[in-house]
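Inspection log for the structure reproduced underneath, given as structure tokens.
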Amino acid sequence: MKDPYSSVAPFYSFLVNLVFGSGLREAKLSNLGNRNLGKILIIGGGDGKDYKHLKLPMNGDFWEKSEAMLELAKKNLTNSGLNFHLGDFSKSDAKDYEEIWLHFVLDTLENDELADFLQTCRSKLSSDGKVYFADFYPPVSRWQKLVHGIMISFFRVSTGYQRKEVPDYDRFFTKIGFAKAKEKTLKKGWIRSSVLEIKD
Ligand SMILES: C[S@@+](CC[C@H](N)C(=O)[O-])C[C@H]1O[C@@H](n2cnc3c(N)ncnc32)[C@H](O)[C@@H]1O
């Protein structure tokens with residue numbers, strides 16, 4: 001199968017840093033805290049570069065559908081303790097994860113894929129496990145709208161990205177039975193980072 005991220009992967013982190021500085025890294029890492037990490041499932045972890053900054057022992061599974069991204073992640077996180085897998089995480093039987101990291105991956109899914117995706121995440125989480133989520137919300141200022149529009153056009157051309165606007169994440173999380181335990185907003189709410197728990 002064609003890898004939609006093959007041409008972008010080598011420049012992905014460079015471009016992200018150029019546009020957002022350390023903003024997206026901050027969104028990913030800020031809620032993870034300085035604590036002992038549990039058994040982790042990272043879905044769509046990209047090139048994994050930002051996780052190098054954690055400097056914490058990790059154990060668990062890193063899934064990527066893009067081979068180009070996965071190969072970079074293996075290099076960037078060589079001594080992390082993670083197991084690396086190519087493909088869709090939902091194909092694995094592994095479960096009882098204490099934490100699932102969803103960083104800038106849900107916005108790549110269509111609305112009709114989101115509920116199933118989150119339901120599968122829920123089935124893989126231990127009953128007291130947590131989801132660490134970070135992503136783009138609707139842009140607020142005119143400048144953000146412009147940058148967001150350019151970003152979407154870029155990903156449409158380079159990766160076949162389909163969406164026109166960001167998903168209503170909160171509605172999907174609530175529908176699947178997750179509740180927000182914590183939320184941090186960056187860039188006036190354009191980017192948010194939250195911790196979610198199973199509520200029922
Ligand atoms: C926009 S990139 C974000 C990468 C990384 N999380 C970051 O923040 O830099 C989204 C990534 O999710 C991966 N992805 C999307 N759906 C996936 C799935 N079901 N299983 C594994 N990887 C997935 C894509 O291949 C892509 O590399």
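Following the order of the structure tokens, first chain is A, next is B, and so on, with residues numbered from 1 inside each chain and ligands from 1 in the order they appear.
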
Which of chain A DSSP labels strand (DSSP E or B), written as a count of residues only: 52

Quick one: residues within 7 Å of stretch 36-50 of chain A, only C-alpha atoms, excluding same-chain residues fewer than 2 positions away - as a compact mmCIF listing (two decimals) with C-alpha atoms, in the first residue's frame?
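As a result, part-v9.txt now contains:
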# COMPACT_ATOMS: atom_id res chain seq x y z
CA ARG A 25 5.90 19.54 21.31
CA LYS A 52 13.11 12.19 22.92
CA HIS A 53 12.66 15.26 25.13
CA MET A 58 9.03 4.07 28.29
CA ASN A 59 7.46 0.68 27.85
CA GLY A 60 4.73 -0.31 25.45
CA ASP A 61 3.92 -0.16 21.77
CA PHE A 62 4.41 2.49 19.09
CA TRP A 63 2.18 2.06 16.04
CA GLU A 64 2.59 3.89 12.74
CA LYS A 65 0.79 3.32 9.45
CA MET A 69 7.62 7.80 9.77
CA LEU A 70 8.16 4.50 11.59
CA LEU A 72 12.53 7.64 11.64
CA ALA A 73 10.85 6.90 14.97
CA ASN A 76 14.85 8.75 17.18
CA LEU A 77 13.67 6.49 20.00
CA PHE A 89 -2.94 -0.38 15.73
CA TYR A 97 -2.64 -0.27 28.34
CA GLU A 98 -2.38 2.22 31.18
CA GLU A 99 -2.05 5.12 28.79
CA ILE A 100 -2.83 5.80 25.14
CA TRP A 101 -1.22 8.78 23.43
CA LEU A 102 -3.18 10.39 20.61
CA VAL A 105 -3.68 11.86 14.82

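If you measure from each of A:Ser141, A:Ser13, A:Asn31, A:Ser193 to ligand 1 using only C-alpha atoms and all ligand atoms, the closest one turns out to be A:Ser13.
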
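Between A:Gln144 and the residues A:Leu125, A:Leu106, A:Val16, A:Ile191, the shortest atom-to-atom distance, using only C-alpha atoms, involves A:Ile191.
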
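Closest to A:Asp96 among A:Phe84, A:Glu113, A:Gly129, A:Ser30 is A:Gly129, based on only C-alpha atoms.
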
Pick from A:Ile152, A:Val166, A:Val140, A:Ala9, whichever lies nearest to A:Lys188 using only C-alpha atoms: A:Val140

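Closest to A:Glu67 among A:Arg192, A:Lys2, A:Arg142, A:Lys28 is A:Lys2, based on only C-alpha atoms.
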